[in-house]
>>> print(open('entry_23.cif').read())   # mmCIF, C-alpha atoms
data_target
#
loop_
_atom_site.label_atom_id
_atom_site.label_comp_id
_atom_site.auth_asym_id
_atom_site.auth_seq_id
_atom_site.Cartn_x
_atom_site.Cartn_y
_atom_site.Cartn_z
CA MET A 1 0.00 0.00 0.00
CA ILE A 2 1.18 3.52 -0.84
CA GLY A 3 0.63 6.54 1.37
CA CYS A 4 0.83 10.14 0.22
CA LEU A 5 1.05 13.12 2.56
CA LEU A 6 0.35 16.61 1.17
CA ILE A 7 1.37 19.60 3.31
CA HIS A 8 -0.02 23.09 2.68
CA GLY A 9 1.81 26.41 3.15
CA PHE A 10 2.11 29.20 5.73
CA THR A 11 -1.27 30.90 6.41
CA GLY A 12 -2.78 28.32 4.05
CA SER A 13 -5.12 25.35 4.21
CA PRO A 14 -5.68 22.05 2.37
CA PHE A 15 -7.33 24.19 -0.35
CA GLU A 16 -3.83 25.02 -1.65
CA VAL A 17 -3.03 21.39 -2.57
CA GLU A 18 -6.58 20.05 -2.97
CA PRO A 19 -6.62 19.94 -6.80
CA LEU A 20 -3.52 17.72 -6.79
CA ALA A 21 -4.86 15.56 -3.93
CA ASN A 22 -8.11 15.04 -5.90
CA PHE A 23 -6.18 14.27 -9.09
CA LEU A 24 -4.17 11.53 -7.33
CA GLN A 25 -7.25 10.22 -5.48
CA GLU A 26 -9.11 9.73 -8.77
CA ARG A 27 -6.25 7.79 -10.38
CA THR A 28 -4.88 5.66 -7.53
CA ASP A 29 -5.92 3.59 -4.54
CA TRP A 30 -3.35 5.35 -2.37
CA GLU A 31 -3.98 6.54 1.16
CA ILE A 32 -4.02 10.33 0.65
CA VAL A 33 -3.70 12.55 3.71
CA VAL A 34 -4.01 16.35 3.66
CA PRO A 35 -3.73 17.65 7.23
CA THR A 36 -4.44 21.20 8.42
CA LEU A 37 -1.45 22.57 10.34
CA PRO A 38 -2.15 24.06 13.81
CA GLY A 39 -3.59 27.59 13.64
CA HIS A 40 -4.21 27.24 9.90
CA GLY A 41 -7.28 26.46 7.81
CA GLU A 42 -10.08 28.56 6.37
CA THR A 43 -10.20 30.57 9.60
CA LEU A 44 -6.69 31.54 10.71
CA GLU A 45 -5.92 31.34 14.44
CA LEU A 46 -2.15 31.73 14.34
CA LYS A 47 -1.68 33.80 17.48
CA GLY A 48 0.64 32.00 19.92
CA VAL A 49 1.20 28.99 17.61
CA LYS A 50 4.87 28.02 17.34
CA HIS A 51 6.71 26.73 14.27
CA ILE A 52 7.57 23.50 16.07
CA GLU A 53 3.84 22.70 16.32
CA TRP A 54 3.53 22.81 12.53
CA ILE A 55 6.52 20.50 12.09
CA GLU A 56 5.38 18.07 14.80
CA HIS A 57 1.85 17.87 13.40
CA ALA A 58 3.22 16.95 9.95
CA GLU A 59 5.55 14.41 11.61
CA GLU A 60 2.68 12.71 13.41
CA GLU A 61 0.69 12.42 10.19
CA LEU A 62 3.74 10.97 8.41
CA GLN A 63 4.47 8.47 11.21
CA ALA A 64 0.88 7.21 11.01
CA LEU A 65 1.26 6.69 7.24
CA ILE A 66 4.64 4.96 7.62
CA GLU A 67 3.08 2.50 10.09
CA LYS A 68 0.38 1.36 7.70
CA CYS A 69 1.97 1.79 4.25
CA ASP A 70 4.80 0.00 2.41
CA GLU A 71 5.82 3.17 0.58
CA VAL A 72 5.30 6.80 1.49
CA TYR A 73 5.50 9.93 -0.69
CA VAL A 74 5.54 13.44 0.72
CA ILE A 75 4.34 16.48 -1.22
CA GLY A 76 4.83 19.95 0.22
CA PHE A 77 3.68 23.36 -1.00
CA SER A 78 5.51 26.61 -0.09
CA MET A 79 6.40 26.37 3.64
CA GLY A 80 4.99 22.84 3.44
CA GLY A 81 7.75 22.08 0.91
CA LEU A 82 10.38 22.93 3.50
CA ILE A 83 8.63 20.81 6.12
CA ALA A 84 8.43 17.97 3.55
CA SER A 85 12.16 18.16 2.79
CA TYR A 86 12.91 18.13 6.54
CA LEU A 87 10.72 15.00 6.95
CA SER A 88 12.45 13.25 4.04
CA VAL A 89 15.79 13.60 5.83
CA LYS A 90 14.45 12.45 9.21
CA TYR A 91 12.20 9.56 8.09
CA GLU A 92 12.05 6.74 5.54
CA VAL A 93 10.31 8.61 2.73
CA ASN A 94 10.38 7.05 -0.76
CA LYS A 95 9.73 10.12 -2.91
CA LEU A 96 9.49 13.86 -2.41
CA VAL A 97 7.58 16.53 -4.36
CA LEU A 98 8.31 20.19 -3.66
CA LEU A 99 5.86 22.77 -5.02
CA SER A 100 6.78 26.48 -4.87
CA ALA A 101 8.98 25.52 -1.90
CA ALA A 102 9.96 28.60 0.11
CA ALA A 103 13.74 28.25 0.24
CA TYR A 104 13.64 31.95 -0.63
CA TYR A 105 10.52 34.05 -0.29
CA VAL A 106 8.89 37.17 -1.67
CA ASN A 107 9.73 37.77 -5.28
CA VAL A 108 9.54 41.57 -4.91
CA LYS A 109 9.51 42.27 -8.66
CA GLN A 110 6.52 40.01 -9.28
CA LEU A 111 4.73 41.17 -6.14
CA LEU A 112 5.02 44.79 -7.27
CA LYS A 113 3.72 43.78 -10.68
CA ASP A 114 0.75 42.04 -9.05
CA ILE A 115 0.07 45.07 -6.83
CA GLY A 116 0.34 47.28 -9.93
CA ASN A 117 -2.31 45.12 -11.61
CA MET A 118 -4.52 45.39 -8.52
CA ILE A 119 -4.27 49.19 -8.59
CA LYS A 120 -5.05 49.21 -12.32
CA GLU A 121 -8.05 46.93 -11.79
CA GLY A 122 -9.09 49.09 -8.82
CA ILE A 123 -9.21 52.14 -11.09
CA GLN A 124 -11.28 50.14 -13.56
CA GLY A 125 -13.58 49.02 -10.73
CA ASN A 126 -12.62 45.33 -10.96
CA LEU A 127 -10.59 45.10 -7.76
CA ILE A 128 -13.16 43.04 -5.91
CA GLU A 129 -12.76 40.30 -8.53
CA ASN A 130 -9.00 40.12 -8.11
CA GLU A 131 -8.43 36.73 -6.47
CA LEU A 132 -4.88 37.52 -5.38
CA TYR A 133 -5.93 40.80 -3.78
CA ASN A 134 -8.79 39.22 -1.85
CA ARG A 135 -6.79 36.23 -0.67
CA TYR A 136 -3.76 38.24 0.47
CA LYS A 137 -5.69 41.19 1.89
CA TRP A 138 -7.51 38.74 4.16
CA LYS A 139 -4.29 36.97 5.11
CA VAL A 140 -2.43 40.19 5.88
CA THR A 141 -5.16 41.29 8.30
CA LYS A 142 -5.29 37.85 9.95
CA THR A 143 -1.57 37.06 10.27
CA PRO A 144 0.15 38.18 13.49
CA VAL A 145 3.60 39.68 12.87
CA LEU A 146 5.15 37.16 15.28
CA SER A 147 3.82 34.30 13.11
CA THR A 148 5.99 35.47 10.22
CA TYR A 149 9.00 35.00 12.51
CA GLU A 150 7.78 31.46 13.22
CA PHE A 151 7.62 30.88 9.46
CA ARG A 152 11.21 32.11 9.13
CA LYS A 153 12.27 29.65 11.84
CA VAL A 154 10.96 26.81 9.67
CA VAL A 155 13.11 28.13 6.81
CA ARG A 156 16.13 28.33 9.12
CA ILE A 157 15.66 24.74 10.30
CA ALA A 158 14.94 23.20 6.89
CA ARG A 159 17.26 25.04 4.50
CA PRO A 160 20.55 23.71 5.94
CA LEU A 161 19.13 20.16 5.67
CA LEU A 162 18.44 20.39 1.94
CA LYS A 163 21.90 19.04 1.13
CA LYS A 164 20.97 15.86 3.06
CA VAL A 165 17.90 15.18 0.90
CA ASN A 166 18.76 12.09 -1.14
CA VAL A 167 15.43 10.57 -2.15
CA PRO A 168 14.02 10.94 -5.68
CA THR A 169 12.67 14.49 -5.80
CA PHE A 170 10.39 16.44 -8.14
CA ILE A 171 10.65 20.24 -7.84
CA ALA A 172 8.00 22.49 -9.41
CA GLN A 173 7.87 26.27 -9.52
CA GLY A 174 5.69 28.93 -11.15
CA GLU A 175 7.60 31.40 -13.29
CA ILE A 176 5.35 34.30 -12.25
CA ASP A 177 5.21 33.48 -8.53
CA GLY A 178 4.96 36.71 -6.52
CA ILE A 179 5.79 35.07 -3.18
CA VAL A 180 8.60 32.58 -3.85
CA PRO A 181 11.09 33.65 -6.55
CA PRO A 182 11.86 31.11 -9.32
CA LYS A 183 15.53 31.01 -8.19
CA ALA A 184 14.33 29.09 -5.09
CA ALA A 185 13.60 26.00 -7.21
CA LYS A 186 16.99 26.20 -8.93
CA TYR A 187 18.69 26.55 -5.55
CA ILE A 188 16.90 23.47 -4.19
CA TYR A 189 17.68 21.48 -7.35
CA GLU A 190 21.38 22.31 -7.09
CA THR A 191 21.59 21.80 -3.32
CA ILE A 192 19.87 18.46 -2.71
CA SER A 193 21.97 15.28 -2.93
CA SER A 194 19.36 13.17 -4.75
CA GLN A 195 20.61 11.19 -7.73
CA GLU A 196 17.16 11.35 -9.29
CA LYS A 197 15.78 14.90 -9.39
CA ASN A 198 13.47 16.73 -11.78
CA LEU A 199 12.95 20.47 -12.16
CA PHE A 200 9.67 21.69 -13.69
CA TYR A 201 8.78 25.33 -14.39
CA SER A 202 5.19 26.34 -15.06
CA PRO A 203 5.08 29.45 -17.29
CA LYS A 204 1.53 30.31 -16.19
CA ALA A 205 1.65 29.59 -12.46
CA LYS A 206 1.70 32.21 -9.74
CA HIS A 207 2.27 31.07 -6.15
CA LEU A 208 -0.80 28.82 -5.92
CA ILE A 209 0.70 26.38 -8.41
CA CYS A 210 -1.98 23.70 -7.86
CA HIS A 211 -4.59 26.22 -9.02
CA SER A 212 -2.74 27.46 -12.13
CA GLU A 213 -4.17 27.43 -15.67
CA ASP A 214 -1.67 24.74 -16.72
CA LYS A 215 -2.00 22.64 -13.56
CA HIS A 216 -2.99 19.46 -15.40
CA GLU A 217 0.34 19.34 -17.21
CA LEU A 218 2.07 19.65 -13.81
CA PHE A 219 -0.16 17.00 -12.23
CA GLU A 220 0.57 14.53 -15.06
CA GLU A 221 4.32 15.09 -14.56
CA ILE A 222 4.00 14.48 -10.80
CA TYR A 223 1.81 11.42 -11.36
CA HIS A 224 4.36 9.83 -13.72
CA PHE A 225 7.22 10.70 -11.40
CA LEU A 226 5.46 9.00 -8.48
CA LEU A 227 4.46 5.95 -10.54
CA ASN A 228 7.91 5.32 -12.03
CA GLU A 229 9.81 2.65 -10.20
#
>>> encode(input="entry_23.cif", output="structure tokens")
Amino acid sequence: MIGCLLIHGFTGSPFEVEPLANFLQERTDWEIVVPTLPGHGETLELKGVKHIEWIEHAEEELQALIEKCDEVYVIGFSMGGLIASYLSVKYEVNKLVLLSAAAYYVNVKQLLKDIGNMIKEGIQGNLIENELYNRYKWKVTKTPVLSTYEFRKVVRIARPLLKKVNVPTFIAQGEIDGIVPPKAAKYIYETISSQEKNLFYSPKAKHLICHSEDKHELFEEIYHFLLNE
């Protein structure tokens, strides 16, 4: 039996990786687990939640999968990608998929471009329809400043361990990501020790890579990577 753990990002929820989870669910008989990290979900309650709680929660979910499955794959998005890489070093994980993994964060150039588009749409009266604006405006008001330091602690723990990652790894990154710059994927690809590693760039994806226009091409690539012996 195969188990697959999908870990969402900072201030996120299972929504971020749901399209991929559903894609895999429809095509396999795998045990697919998409936990909600402490303080996260559709209603954010991050105040007082420490980074170690996010890591430990993901660890517990992985341990449960390892106990009942012969093979385990871990997929992580954004901060979840860093947690996933950390888990692959610490536990017997068979394959790793890193989506928009936050080895670096905030692509200022793209963020400014996105904000510029928001302003332009605002002038045209379309601002309310701007998905990025609505999602991030809500997050900014709901995210305590101290939580961003907790996020950075995850980066500080996981980044030095990237060179110890030696399982087959698939790295995917959106070329127009306004949160994680495309160089993050290249850095991960060059840093990990895996013999088998793939680097995939999506020309149409912003940060929410599992919700991009060309997501099905990405999902097919991931599916074949996970199926290949």
>>> atom_distance(input="entry_23.cif", atom1="CA of Phe23 (chain A)", atom2="CA of Phe219 (chain A)")
7.3 Å
>>> atom_distance(input="entry_23.cif", atom1="CA of Arg152 (chain A)", atom2="CA of Ile192 (chain A)")
20.0 Å
>>> closest_residue(input="entry_23.cif", among="A:Arg156, A:Lys120, A:Lys47, A:Lys164", to="Leu87 (chain A)", atoms="all atoms listed in the file")
A:Lys164
>>> atom_distance(input="entry_23.cif", atom1="CA of Glu196 (chain A)", atom2="CA of Phe170 (chain A)")
8.5 Å
>>> closest_residue(input="entry_23.cif", among="A:Glu190, A:Glu60, A:Tyr223, A:Ile176", to="Ser202 (chain A)", atoms="only C-alpha atoms")
A:Ile176
>>> residues_around(input="entry_23.cif", residues="Pro168 (chain A)", least_positions_apart="6", cutoff="6 Å", atoms="all atoms listed in the file", output="VMD selection string")
chain A and resid 95 194 196 to 197
>>> write_last_selection(input="entry_23.cif", atoms="C-alpha atoms", output="PDB file, keeping the file's coordinate frame")
ATOM      1  CA  LYS A  95       9.730  10.120  -2.910  1.00  0.00           C
ATOM      2  CA  SER A 194      19.360  13.170  -4.750  1.00  0.00           C
ATOM      3  CA  GLU A 196      17.160  11.350  -9.290  1.00  0.00           C
ATOM      4  CA  LYS A 197      15.780  14.900  -9.390  1.00  0.00           C
TER       5      LYS A 197
END
>>> closest_residue(input="entry_23.cif", among="A:His57, A:Lys50, A:Lys90, A:His8", to="Leu161 (chain A)", atoms="all atoms listed in the file")
A:Lys90
>>> residues_around(input="entry_23.cif", residues="Leu98 (chain A)", least_positions_apart="6", cutoff="10 Å", atoms="only C-alpha atoms", output="list of chain:residue names")
A:Leu6, A:Ile7, A:Val74, A:Ile75, A:Gly76, A:Phe77, A:Ser78, A:Met79, A:Gly80, A:Gly81, A:Leu82, A:Ile83, A:Ala84, A:Ser85, A:Thr169, A:Phe170, A:Ile171, A:Ala172, A:Gln173, A:Ala185, A:Ile188, A:Leu199
>>> closest_residue(input="entry_23.cif", among="A:Phe151, A:Phe15, A:Trp30, A:Tyr91", to="Ile52 (chain A)", atoms="all atoms listed in the file")
A:Phe151
>>> residues_near_point(input="entry_23.cif", point="(11.3, 29.1, -8.7)", cutoff="7 Å", atoms="all atoms listed in the file", output="PyMOL selection string")
chain A and resi 100+173-175+180-186
